[in-house]
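J.: The following file, run-v2.cif, comprises mmCIF, C-alpha atoms:
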```cif
data_start
#
loop_
_atom_site.group_PDB
_atom_site.id
_atom_site.type_symbol
_atom_site.label_atom_id
_atom_site.label_comp_id
_atom_site.auth_asym_id
_atom_site.auth_seq_id
_atom_site.Cartn_x
_atom_site.Cartn_y
_atom_site.Cartn_z
ATOM 1 C CA MET A 1 69.934 283.901 17.419
ATOM 2 C CA GLU A 2 69.731 281.644 20.452
ATOM 3 C CA THR A 3 68.634 282.726 23.908
ATOM 4 C CA LYS A 4 70.297 281.993 27.225
ATOM 5 C CA THR A 5 69.276 282.050 30.861
ATOM 6 C CA ALA A 6 70.870 284.219 33.505
ATOM 7 C CA GLN A 7 71.964 281.105 35.374
ATOM 8 C CA GLU A 8 74.178 280.125 32.432
ATOM 9 C CA SER A 9 76.308 283.215 33.041
ATOM 10 C CA LEU A 10 76.582 282.818 36.822
ATOM 11 C CA THR A 11 80.135 283.416 37.983
ATOM 12 C CA VAL A 12 81.208 282.913 41.582
ATOM 13 C CA LEU A 13 84.660 284.017 42.755
ATOM 14 C CA THR A 14 85.692 283.288 46.343
ATOM 15 C CA ASP A 15 88.902 284.630 47.824
ATOM 16 C CA LEU A 16 90.583 285.612 51.062
ATOM 17 C CA VAL A 17 91.387 289.230 51.977
ATOM 18 C CA LEU A 18 95.128 289.495 52.630
ATOM 19 C CA PRO A 19 96.944 292.239 54.607
ATOM 20 C CA GLY A 20 98.557 293.743 51.479
ATOM 21 C CA GLU A 21 95.087 294.462 50.048
ATOM 22 C CA THR A 22 93.861 296.532 52.976
ATOM 23 C CA ASN A 23 93.904 300.157 54.105
ATOM 24 C CA TYR A 24 95.047 301.627 57.448
ATOM 25 C CA LEU A 25 91.867 300.329 59.094
ATOM 26 C CA ASP A 26 92.641 296.777 57.930
ATOM 27 C CA ASN A 27 89.690 296.783 55.527
ATOM 28 C CA LEU A 28 89.841 295.782 51.873
ATOM 29 C CA PHE A 29 90.632 298.710 49.571
ATOM 30 C CA GLY A 30 87.566 299.710 47.536
ATOM 31 C CA GLY A 31 89.616 299.523 44.341
ATOM 32 C CA GLU A 32 90.622 295.938 45.127
ATOM 33 C CA LEU A 33 86.987 295.000 45.524
ATOM 34 C CA LEU A 34 86.020 296.821 42.313
ATOM 35 C CA ALA A 35 88.701 294.862 40.422
ATOM 36 C CA ARG A 36 87.326 291.562 41.751
ATOM 37 C CA MET A 37 83.812 292.623 40.779
ATOM 38 C CA ASP A 38 84.973 293.642 37.282
ATOM 39 C CA ARG A 39 86.678 290.260 36.756
ATOM 40 C CA ALA A 40 83.580 288.330 37.825
ATOM 41 C CA CYS A 41 81.354 290.474 35.589
ATOM 42 C CA SER A 42 83.745 289.999 32.687
ATOM 43 C CA ILE A 43 83.562 286.223 33.022
ATOM 44 C CA ALA A 44 79.746 286.332 33.276
ATOM 45 C CA ALA A 45 79.540 288.523 30.151
ATOM 46 C CA ARG A 46 81.885 286.197 28.270
ATOM 47 C CA ARG A 47 79.826 283.162 29.307
ATOM 48 C CA HIS A 48 76.671 284.814 28.013
ATOM 49 C CA SER A 49 78.035 286.160 24.746
ATOM 50 C CA SER A 50 80.799 283.644 23.941
ATOM 51 C CA ARG A 51 82.722 286.661 22.621
ATOM 52 C CA ILE A 52 85.468 289.062 23.645
ATOM 53 C CA VAL A 53 83.928 291.521 26.108
ATOM 54 C CA VAL A 54 84.960 294.955 27.335
ATOM 55 C CA THR A 55 83.776 296.981 30.308
ATOM 56 C CA ALA A 56 81.644 299.850 29.016
ATOM 57 C CA SER A 57 80.623 301.343 32.356
ATOM 58 C CA VAL A 58 80.230 300.833 36.054
ATOM 59 C CA ASN A 59 76.697 302.070 36.535
ATOM 60 C CA HIS A 60 76.273 301.595 40.244
ATOM 61 C CA VAL A 61 78.314 300.477 43.228
ATOM 62 C CA ALA A 62 77.140 300.451 46.836
ATOM 63 C CA PHE A 63 79.678 299.870 49.597
ATOM 64 C CA SER A 64 77.353 298.867 52.438
ATOM 65 C CA LYS A 65 79.850 297.340 54.862
ATOM 66 C CA SER A 66 83.601 297.158 55.185
ATOM 67 C CA VAL A 67 85.458 293.944 54.396
ATOM 68 C CA PRO A 68 88.021 293.191 57.132
ATOM 69 C CA VAL A 69 91.382 291.532 56.574
ATOM 70 C CA GLY A 70 91.070 287.745 56.752
ATOM 71 C CA SER A 71 87.503 287.756 55.424
ATOM 72 C CA VAL A 72 86.342 285.181 52.943
ATOM 73 C CA VAL A 73 84.791 287.239 50.131
ATOM 74 C CA THR A 74 82.432 285.798 47.532
ATOM 75 C CA VAL A 75 81.603 287.787 44.400
ATOM 76 C CA GLU A 76 78.576 286.560 42.439
ATOM 77 C CA ALA A 77 77.918 288.012 38.980
ATOM 78 C CA LYS A 78 75.148 287.214 36.532
ATOM 79 C CA VAL A 79 73.868 288.844 33.335
ATOM 80 C CA SER A 80 70.618 290.632 34.178
ATOM 81 C CA ARG A 81 69.687 291.727 30.638
ATOM 82 C CA ALA A 82 71.107 291.493 27.136
ATOM 83 C CA PHE A 83 70.559 294.188 24.539
ATOM 84 C CA LYS A 84 71.926 294.225 20.972
ATOM 85 C CA SER A 85 75.644 294.031 21.767
ATOM 86 C CA SER A 86 75.702 295.209 25.366
ATOM 87 C CA MET A 87 74.665 293.453 28.517
ATOM 88 C CA GLU A 88 74.020 294.522 32.067
ATOM 89 C CA ILE A 89 75.654 292.409 34.754
ATOM 90 C CA TYR A 90 74.472 292.559 38.340
ATOM 91 C CA VAL A 91 77.068 291.654 40.951
ATOM 92 C CA ASP A 92 76.580 290.872 44.649
ATOM 93 C CA VAL A 93 79.409 290.659 47.189
ATOM 94 C CA TRP A 94 79.195 288.606 50.367
ATOM 95 C CA ILE A 95 81.493 287.981 53.306
ATOM 96 C CA GLU A 96 81.392 284.844 55.372
ATOM 97 C CA ASP A 97 81.613 284.790 59.165
ATOM 98 C CA ARG A 98 84.574 282.555 59.994
ATOM 99 C CA GLN A 99 82.897 281.091 63.078
ATOM 100 C CA SER A 100 79.262 280.586 62.074
ATOM 101 C CA GLY A 101 79.605 280.411 58.288
ATOM 102 C CA LEU A 102 76.761 282.937 57.936
ATOM 103 C CA ARG A 103 76.976 285.157 54.861
ATOM 104 C CA THR A 104 76.397 288.929 54.907
ATOM 105 C CA LYS A 105 75.886 291.020 51.786
ATOM 106 C CA VAL A 106 78.404 293.875 51.857
ATOM 107 C CA ASN A 107 78.335 295.305 48.349
ATOM 108 C CA GLU A 108 76.524 295.273 45.041
ATOM 109 C CA GLY A 109 77.101 296.762 41.659
ATOM 110 C CA ILE A 110 75.814 297.018 38.121
ATOM 111 C CA TYR A 111 78.250 296.881 35.231
ATOM 112 C CA THR A 112 77.719 297.181 31.477
ATOM 113 C CA PHE A 113 79.823 295.130 29.077
ATOM 114 C CA VAL A 114 79.894 295.118 25.287
ATOM 115 C CA ALA A 115 80.693 292.065 23.171
ATOM 116 C CA VAL A 116 83.140 292.787 20.365
ATOM 117 C CA ASP A 117 84.894 290.976 17.536
ATOM 118 C CA GLU A 118 88.660 290.730 17.118
ATOM 119 C CA THR A 119 88.793 294.273 15.700
ATOM 120 C CA GLY A 120 86.827 295.790 18.601
ATOM 121 C CA LYS A 121 83.584 296.200 16.636
ATOM 122 C CA PRO A 122 80.408 295.465 18.653
ATOM 123 C CA VAL A 123 78.670 292.193 17.766
ATOM 124 C CA GLN A 124 75.174 290.875 18.370
ATOM 125 C CA ILE A 125 74.656 288.694 21.434
ATOM 126 C CA PRO A 126 72.008 286.176 22.559
ATOM 127 C CA GLN A 127 68.949 287.514 24.332
ATOM 128 C CA LEU A 128 68.360 286.631 27.975
ATOM 129 C CA ILE A 129 65.446 284.764 29.491
ATOM 130 C CA PRO A 130 65.040 285.566 33.209
ATOM 131 C CA GLU A 131 63.648 282.702 35.278
ATOM 132 C CA THR A 132 63.552 283.549 38.995
ATOM 133 C CA ALA A 133 61.629 286.412 40.592
ATOM 134 C CA LEU A 134 64.880 288.284 41.309
ATOM 135 C CA GLU A 135 66.133 287.756 37.735
ATOM 136 C CA LYS A 136 62.820 289.090 36.390
ATOM 137 C CA GLU A 137 62.967 292.134 38.668
ATOM 138 C CA ARG A 138 66.525 292.943 37.596
ATOM 139 C CA PHE A 139 65.669 292.278 33.928
ATOM 140 C CA GLU A 140 62.760 294.741 34.023
ATOM 141 C CA GLY A 141 64.805 297.422 35.770
ATOM 142 C CA ALA A 142 67.700 297.095 33.315
ATOM 143 C CA LEU A 143 65.887 298.886 30.482
ATOM 144 C CA ARG A 144 65.024 301.813 32.765
ATOM 145 C CA ARG A 145 68.625 301.989 33.975
ATOM 146 C CA LYS A 146 69.894 301.918 30.384
ATOM 147 C CA GLN A 147 67.509 304.671 29.307
ATOM 148 C CA LEU A 148 68.492 306.824 32.291
ATOM 149 C CA SER A 149 72.198 306.410 31.448
ATOM 150 C CA LEU A 150 71.560 307.323 27.808
ATOM 151 C CA VAL A 151 69.510 310.405 28.741
ATOM 152 C CA LEU A 152 72.147 311.597 31.228
ATOM 153 C CA ALA A 153 74.901 311.060 28.633
ATOM 154 C CA GLY A 154 72.926 313.075 26.063
ATOM 155 C CA LYS A 155 72.584 310.050 23.770
ATOM 156 C CA MET A 156 68.786 309.818 24.112
ATOM 157 C CA GLN A 157 66.133 312.481 24.246
ATOM 158 C CA PRO A 158 64.123 312.334 27.498
ATOM 159 C CA ASN A 159 60.820 312.065 25.594
ATOM 160 C CA ALA A 160 62.130 308.876 23.905
ATOM 161 C CA ALA A 161 62.778 307.160 27.242
ATOM 162 C CA THR A 162 59.406 305.428 27.371
ATOM 163 C CA GLU A 163 60.227 303.110 30.273
ATOM 164 C CA LEU A 164 61.362 306.046 32.403
ATOM 165 C CA LYS A 165 58.335 308.137 31.450
ATOM 166 C CA ALA A 166 56.065 305.284 32.519
ATOM 167 C CA LEU A 167 57.389 305.628 36.096
ATOM 168 C CA PHE A 168 56.078 309.189 36.263
ATOM 169 C CA SER A 169 52.827 308.869 34.304
#
```
Can the structure from this file be put into structure tokens for me?

T.:
Amino acid sequence: METKTAQESLTVLTDLVLPGETNYLDNLFGGELLARMDRACSIAARRHSSRIVVTASVNHVAFSKSVPVGSVVTVEAKVSRAFKSSMEIYVDVWIEDRQSGLRTKVNEGIYTFVAVDETGKPVQIPQLIPETALEKERFEGALRRKQLSLVLAGKMQPNAATELKALFS
């Protein structure tokens, strides 16, 4: 099977925060932001796998800063590692200062998607070749994150999580 680069899956969504999407403090609802992140990750996963994809889990989300009404929000998603049928997608969220144009990172997340056929059965996907230093760092961490999730879900015995064990040995 072919391989792909992370850059091939890059998805960038830019949008404006409108008043109907905000809470009483005039900041974007967290759920609204999660939906935007999920859409961007879904597109990135589809670009990588060329298949139907479904969200398997939201592994991590960090709300670092609020997103005020009127903000220009950019969501950037990219596959960080591909496994057999699943892939980890790392997503970064930025807001843009309307005066200076400077961007500030306000959120990040890690999603897992699975590629499926028309009946919902998982299918094999291309492997990923990381190129940049950040892509390599995220690629290496993805296996540890996957093993941790499997151990916590009871789907992997802790002694089989070799990448995790290596952190403590």

J.: Skipping near chain neighbours, those fewer than 5 positions away, what residues fall within 12 Å of A:Val54 using only C-alpha atoms, listed as a PyMOL selection string?

T.: chain A and resi 38-39+41-46+49+85-88+111-118+120-123

J.: Given the selection you just returned, output its residues as a file containing C-alpha atoms, formatted as an mmCIF file, in the frame of the given file.

T.:
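The result, written out as part-v7.cif:
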```cif
data_model
loop_
_atom_site.group_PDB
_atom_site.id
_atom_site.type_symbol
_atom_site.label_atom_id
_atom_site.label_comp_id
_atom_site.auth_asym_id
_atom_site.auth_seq_id
_atom_site.Cartn_x
_atom_site.Cartn_y
_atom_site.Cartn_z
ATOM 1 C CA ASP A 38 84.973 293.642 37.282
ATOM 2 C CA ARG A 39 86.678 290.260 36.756
ATOM 3 C CA CYS A 41 81.354 290.474 35.589
ATOM 4 C CA SER A 42 83.745 289.999 32.687
ATOM 5 C CA ILE A 43 83.562 286.223 33.022
ATOM 6 C CA ALA A 44 79.746 286.332 33.276
ATOM 7 C CA ALA A 45 79.540 288.523 30.151
ATOM 8 C CA ARG A 46 81.885 286.197 28.270
ATOM 9 C CA SER A 49 78.035 286.160 24.746
ATOM 10 C CA SER A 85 75.644 294.031 21.767
ATOM 11 C CA SER A 86 75.702 295.209 25.366
ATOM 12 C CA MET A 87 74.665 293.453 28.517
ATOM 13 C CA GLU A 88 74.020 294.522 32.067
ATOM 14 C CA TYR A 111 78.250 296.881 35.231
ATOM 15 C CA THR A 112 77.719 297.181 31.477
ATOM 16 C CA PHE A 113 79.823 295.130 29.077
ATOM 17 C CA VAL A 114 79.894 295.118 25.287
ATOM 18 C CA ALA A 115 80.693 292.065 23.171
ATOM 19 C CA VAL A 116 83.140 292.787 20.365
ATOM 20 C CA ASP A 117 84.894 290.976 17.536
ATOM 21 C CA GLU A 118 88.660 290.730 17.118
ATOM 22 C CA GLY A 120 86.827 295.790 18.601
ATOM 23 C CA LYS A 121 83.584 296.200 16.636
ATOM 24 C CA PRO A 122 80.408 295.465 18.653
ATOM 25 C CA VAL A 123 78.670 292.193 17.766
#
```

J.: Pick the closest to A:Val73 from A:His60, A:Arg47, A:Lys4, A:Arg103: which is it, counting all atoms listed in the file?

T.: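 Closest residue, counting all atoms listed in the file: A:Arg103.
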
J.: I want to know what sits within 12 Å of A:Asp92, based on only C-alpha atoms, with residues of the same chain fewer than 4 positions away left out; could you give that as a ChimeraX atom specification?

T.: /A:10-14,33-34,36-38,40-41,60-64,73-79,103-111

J.: Between atom CA of A:Glu21 and atom CA of A:Val58, what is the distance in Å, rounded to a tenth?

T.: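 Going from atom CA of A:Glu21 over to atom CA of A:Val58, I get 21.4 Å.
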
J.: Restricting the calculation to all atoms listed in the file: of A:Leu164, A:Gln124, A:Val17, A:Pro130, which residue gets closest to A:Ser149?

T.: A:Leu164

J.: Considering only C-alpha atoms, state which residue in the set A:Thr162, A:Asn27, A:Asn59, A:Ser50 is at the smallest distance from A:Pro126.

T.: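 Among the listed residues, A:Ser50 lies closest to A:Pro126.
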
J.: Given the file shown, enumerate the residues that the PyMOL selection byres ((chain A and resi 70) around 12) captures and present them as a ChimeraX atom specification.

T.: /A:15-22,26-28,67-69,71-73,95-98

J.: Which residues are close to A:Leu148, i.e. within 9 Å by only C-alpha atoms, leaving aside same-chain residues fewer than 4 positions away? Reply as a ChimeraX atom specification.

T.: /A:143-144,152-153,156,158,161,164

J.: Could the residues in this selection be written to a file with C-alpha atoms, as a compact mmCIF listing (two decimals), in the coordinates of the input?

T.:
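And here's result_6.txt as it stands now:
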```txt
# COMPACT_ATOMS: atom_id res chain seq x y z
CA LEU A 143 65.89 298.89 30.48
CA ARG A 144 65.02 301.81 32.76
CA LEU A 152 72.15 311.60 31.23
CA ALA A 153 74.90 311.06 28.63
CA MET A 156 68.79 309.82 24.11
CA PRO A 158 64.12 312.33 27.50
CA ALA A 161 62.78 307.16 27.24
CA LEU A 164 61.36 306.05 32.40
```

J.: Considering all atoms listed in the file, state which residue in the set A:Val91, A:Ala133, A:Ala142, A:Ile125 is at the smallest distance from A:Val53.

T.: A:Ile125

J.: In Å to one decimal, how far is atom CA of A:Ser57 from atom CA of A:Gln127?

T.: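 Interatomic distance, atom CA of A:Gln127 to atom CA of A:Ser57: 19.8 Å.
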
J.: Quick one: what's the axis-aligned box for stretch 37-45 of chain A, all listed atoms, 3 Å on every side, centre and edges in Å to one decimal, as lines of an AutoDock Vina configuration file?

T.:
```
center_x = 83.1
center_y = 289.9
center_z = 35.5
size_x = 13.1
size_y = 13.4
size_z = 16.6
```

J.: Please indicate the distance in Å from atom CA of A:Gln7 to atom CA of A:Lys136, rounded to one decimal place.

T.: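 Separation of atom CA of A:Gln7 and atom CA of A:Lys136: 12.2 Å.
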
J.: Between A:Leu167, A:Val93, A:Ala6, A:Ala82, which has the minimum distance to A:Glu135 (counting only C-alpha atoms)?

T.: A:Ala6
